[in-house]
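Please read the structure below before turning to the comments.
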Amino acid sequence: MRASSGMVTAIAAAAVVIGATYLQGRMTDRWTGRNVAAELQQSAERLEKLFPKKVGDWEAVEELESNPEELERAGAVGHISRAYSNAKSKARLSAFVVCATPHDASGHTPDRCYPGAGFEIAETEHRMTVPLADERTAEVFTGTFRKSGQTLRVFWTYGVDGRWIAPQIARIELAAAKAVYKLYVIIDETPLPPGVGSKVCVDFMGATLANFDAALREQTQTGQGTL
């Protein structure tokens, strides 16, 4: 007997609901019985404690105020927002890092939020590989955004399981993680010669991410848990 079109539609709808429920369960660890909230809070505390204020020639010079609405949209459980300066070159940039669930961390990307704040996309986002000081590499996205004659270059990347990645479909590729660190590095390129802004940010990320990852590994080795 052939199924009616209504039955086919109902079966298809049920399959979509089941699939979405399973994916959401994976994202929230509904099926594992783990205390996800406690694990997320632990990772957030590590971020606020261990993300370096001074590394190499870079030093934090100001704690920046964060917009509560932006933090809420980002699902931030923990965060840092700082201005850094390089002692030798005098270059200055800002770094913003949040700790969030994979679901929350995968949304609210610069290509969405900057245009929403009145910026136009000047350079479309693209991937780069950044060499780290410990001889590893990090995958990052970068692009530029322009408004009222000002051009900002933004880098962003996701930290998970000791790696920094730039996934094409973040919500899917990050779904199995316990918690995710999401880093933004921002520099005003307006007064800089072409290419200098990128070099400055790459230098900062190379030193800072290697330092942060080493601190996280040290906590793991001393029995204080993992990310």
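Each chain in the structure tokens gets a letter, A, B and so on, in the order shown; residues start at 1 in every chain, and ligands are counted from 1 in the order they appear.
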
Under the rule of at most 7 Å, produce a per-residue listing of region 116-205 of chain A near region 85-96 of chain A: chain, number, name, the closest pair of atoms, and the distance in Å, as a tab-separated table, using only C-alpha atoms.
residue	atom	partner	partner_atom	distance
A:Leu183	CA	A:Phe96	CA	5.9
A:Tyr184	CA	A:Phe96	CA	5.1
A:Val185	CA	A:Ala95	CA	4.6
A:Ile186	CA	A:Ser94	CA	5.3
A:Ile187	CA	A:Leu93	CA	4.8

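Across the structure, CA of Ala207 (chain A) and CA of Val97 (chain A) are spaced 15.4 Å apart.
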
Original post:
Among region 1-186 of chain A, which residues carry a DSSP assignment of alpha helix (DSSP H), reported as a ChimeraX atom specification?
Top reply: /A:5-28,36-50,68-73,102-105,110-116,170-173

**OP:** Find the residues near region 39-53 of chain A: any atom within 9 Å, counting only C-alpha atoms, skip ones fewer than 3 places away on the same chain, and give them as a PyMOL selection string.
**Re:** chain A and resi 34-36+58-61+76-80+82+84+97-101+178-181+208-209+211-213+215-216+225-227

Original post:
Closest to Leu174 (chain A) among A:Ser106, A:Gln221, A:Ser81, A:Thr137, using only C-alpha atoms?
Top reply: A:Ser106

Original post:
Could you write out, as a PyMOL selection string, all the residues of region 104-205 of chain A that DSSP marks as strand (DSSP E or B)?
Top reply: chain A and resi 120-131+137-147+150-160+163-165+180-188
